[in-house]
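Peer 1: Dropping the structure in here first, questions after.
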Amino acid sequence: MIKKNKNKKLKLSNSGLSPTNSITTYNHLNEKINSKVAGELPLTIKINGKEIITLMTLGTRPEELTLGYLRNQGLVDDIQEIASVNVKWDIGISDVVTMDKDTQDISKKLKNKIITTGCGQGTIFGGALEKLYNNTLPDIKIKRSKIFNLLAKITKFNDIYKEAGAVHGCALCDTDDVLEFVEDVGRHNAADTLSGIMWLNDLIGKNIIFYTTGRLTSEIIMKVKRMEIPIIISRSGVTNMGIELAKDLNVTMIARSKQRSFLIYNNKNNIIFD
C-alpha cells in the first residue's frame with residue numbers, strides 16, 4: 001500500500017473520519033439488528049478563501065480527495081503551487097492555501113462548467129476540458145492472465161461495501177498487485193482521492209492500472225487521462241461517450257469484468273491473450 005507523502009513542503013491536516021456509523025434496524029421478522037451505514041458529509045473546498053465546490057463524501061481521506069479534485073479539474077497544475085490543505089469538519093471546510101494568493105486565474109477556470117453524470121451531479125470546469133487533447137496516452141500492453149490475477153485480488157478489498165454497502169471502490173494497481181484501494185459514496189470521489197495520492201507520491205501514470213466498481217462514463221475517462229493512466233478496468237458498464245473519449249485519448253478500456261471474463265471496448269491490440 002502507498003503510505004509515504006514525498007512532498008515534504010506541503011502541509012496537510014490529518015482529518016480522516018471513520019467510514020461507517022452504527023444504527024439500530026429491524027429485519028423482516030421484526031427482530032432488532034445492529035447495522036452499519038456509510039457516512040456522508042458535505043465538504044466544501046476553498047482556495048485562498050474562495051469557495052470552489054461542496055462534495056458529499058465519506059470523509060476518510062479528505063486531504064487527498066481535495067488535492068485530487070483540484071488536479072483532475074485542472075484548477076491547479078502543479079502540486080508545488082499548494083502550500084497547505086487544512087480540513088475542518090466542525091465547519092465542513094477543506095481550506096486550501098496556495099503559494100500565490102491571487103485567485104484570478106482560478107476564477108477564469110470556474111466560468112465554464114458542465115454538469116456530468118457523476119453521483120450528486122458532478123461538475124467539469126472548462127480548464128479541465130481544454131487540456132485533455134494536448135497529448136494521447138501511450139500504448140501499454142497487458143496480459144490477460146495479469147488482468148484475471150488483479151480481478152481476483154480486488155475481491156479481497158471493498159471492506160466498507162461489505163460492511164455497509166452504499167459506496168463505490170476504485171484502485172490503483174500495477175500488473176502484479178493492488179497498490180491502493182479507496183471507497184467513497186461516489187466513484188468520482190474515490191477516483192479523485194487516488195489522484196491526490198498519486199500526486200503526493202509522484203506516481204507515474206503509465207505504470208498504473210485504474211480499477212473501479214462504477215460505470216465508465218466520459219467523466220471517469222477524463223479523470224484517468226488527467227492522471228496519465230492508460231488502462232482502466234471496471235466491474236460495471238460503459239457509456240457511448242465514454243467509449244468515444246477513450247478512443248480519442250487512447251485509453252485501453254475494459255469493463256463488465258468478472259474474475260474469469262471481461263469485455264474490451266477499446267484498444268484490443270493492447271491485450272496479450274496468453
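Chain labels run A, B, ... following the order of the C-alpha cells; each chain numbers its residues from 1, and ligands are numbered from 1 in the order shown.
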Enumerate as JSON, numbers by chain all residues of region 17-223 of chain A assigned to alpha helix (DSSP H) by DSSP on the backbone, naming them with the chain letters and numbers the document uses.
Peer 2: {"A": [62, 63, 64, 65, 66, 67, 68, 69, 70, 71, 72, 104, 105, 106, 107, 108, 109, 110, 126, 127, 128, 129, 130, 144, 145, 146, 147, 148, 149, 150, 151, 152, 153, 154, 159, 160, 161, 162, 163, 164, 187, 188, 189, 190, 191, 192, 193, 194, 195, 196, 197, 198, 199, 200, 218, 219, 220, 221, 222, 223]}
Peer 1: So which residues touch region 159-170 of chain A within 12 Å, counting only C-alpha atoms, skipping near sequence neighbours fewer than 3 positions away, as a PyMOL selection string?
Peer 2: chain A and resi 18-23+34-40+56-58+60+118-119+154-156+173+178-195+209-216+220+224+232-236
Peer 1: Name all residues at most 12 Å from Trp89 (chain A) (count only C-alpha atoms; drop same-chain ones fewer than 2 positions away) and give them as a list in words.
Peer 2: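 The filter keeps Ser13, Asn14, Ser15, Gly16, Leu17, Leu41, Pro42, Leu43, Thr44, Ile45, Thr57, Leu58, Gly59, Thr60, Pro62, Glu63, Asn86, Val87, Ile91, Gly92, Ile93, Ser94 and Asp95 of chain A.
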Peer 1: Would you save the residues from that selection as a short mmCIF file (atom, residue, chain, number, x, y, z; two decimals), in the first residue's frame, using C-alpha atoms?
Peer 2:
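Resulting contents of result24.cif:
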```cif
data_model
loop_
_atom_site.label_atom_id
_atom_site.label_comp_id
_atom_site.auth_asym_id
_atom_site.auth_seq_id
_atom_site.Cartn_x
_atom_site.Cartn_y
_atom_site.Cartn_z
CA SER A 13 -4.06 18.10 8.19
CA ASN A 14 -4.92 14.55 9.27
CA SER A 15 -8.70 14.67 9.48
CA GLY A 16 -9.86 11.30 8.18
CA LEU A 17 -13.12 10.01 9.64
CA LEU A 41 -20.87 14.55 4.96
CA PRO A 42 -20.56 17.78 2.95
CA LEU A 43 -17.02 19.05 2.42
CA THR A 44 -16.63 22.49 0.87
CA ILE A 45 -13.32 23.09 -0.88
CA THR A 57 -18.04 12.23 0.93
CA LEU A 58 -17.32 9.51 3.48
CA GLY A 59 -14.53 11.74 4.73
CA THR A 60 -11.92 9.02 5.20
CA PRO A 62 -10.34 14.36 2.75
CA GLU A 63 -6.93 15.90 2.16
CA ASN A 86 -6.41 22.00 6.27
CA VAL A 87 -9.69 20.10 6.73
CA ILE A 91 -17.40 23.76 9.76
CA GLY A 92 -17.19 21.31 6.83
CA ILE A 93 -14.35 23.12 5.07
CA SER A 94 -11.24 21.93 3.25
CA ASP A 95 -9.14 25.08 3.34
#
```
Peer 1: Between A:Met253, A:Met227, A:Val97, A:Ile197, which one has atoms that come closest to Thr239 (chain A), using only C-alpha atoms?
Peer 2: A:Met253
Peer 1: Calculate how many Å separate CA of Lys88 (chain A) from CA of Asp105 (chain A), rounding to one decimal.
Peer 2: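 Atom-to-atom, CA of Lys88 (chain A) and CA of Asp105 (chain A) are spaced 25.5 Å apart.
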Peer 1: Would you compute the distance between CA of Ile204 (chain A) and CA of Ala152 (chain A)? Give it in Å to one decimal.
Peer 2: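 CA of Ala152 (chain A) lies 24.2 Å from CA of Ile204 (chain A).
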Peer 1: Enumerate the residues of region 36-263 of chain A with a DSSP assignment of strand (DSSP E), computed from the backbone, and present them as a PyMOL selection string.
Peer 2: chain A and resi 36-38+41-47+50-57+82-88+93-98+113-115+123-125+142-143+168-173+178-184+209-212+231-234+252-258+261-263
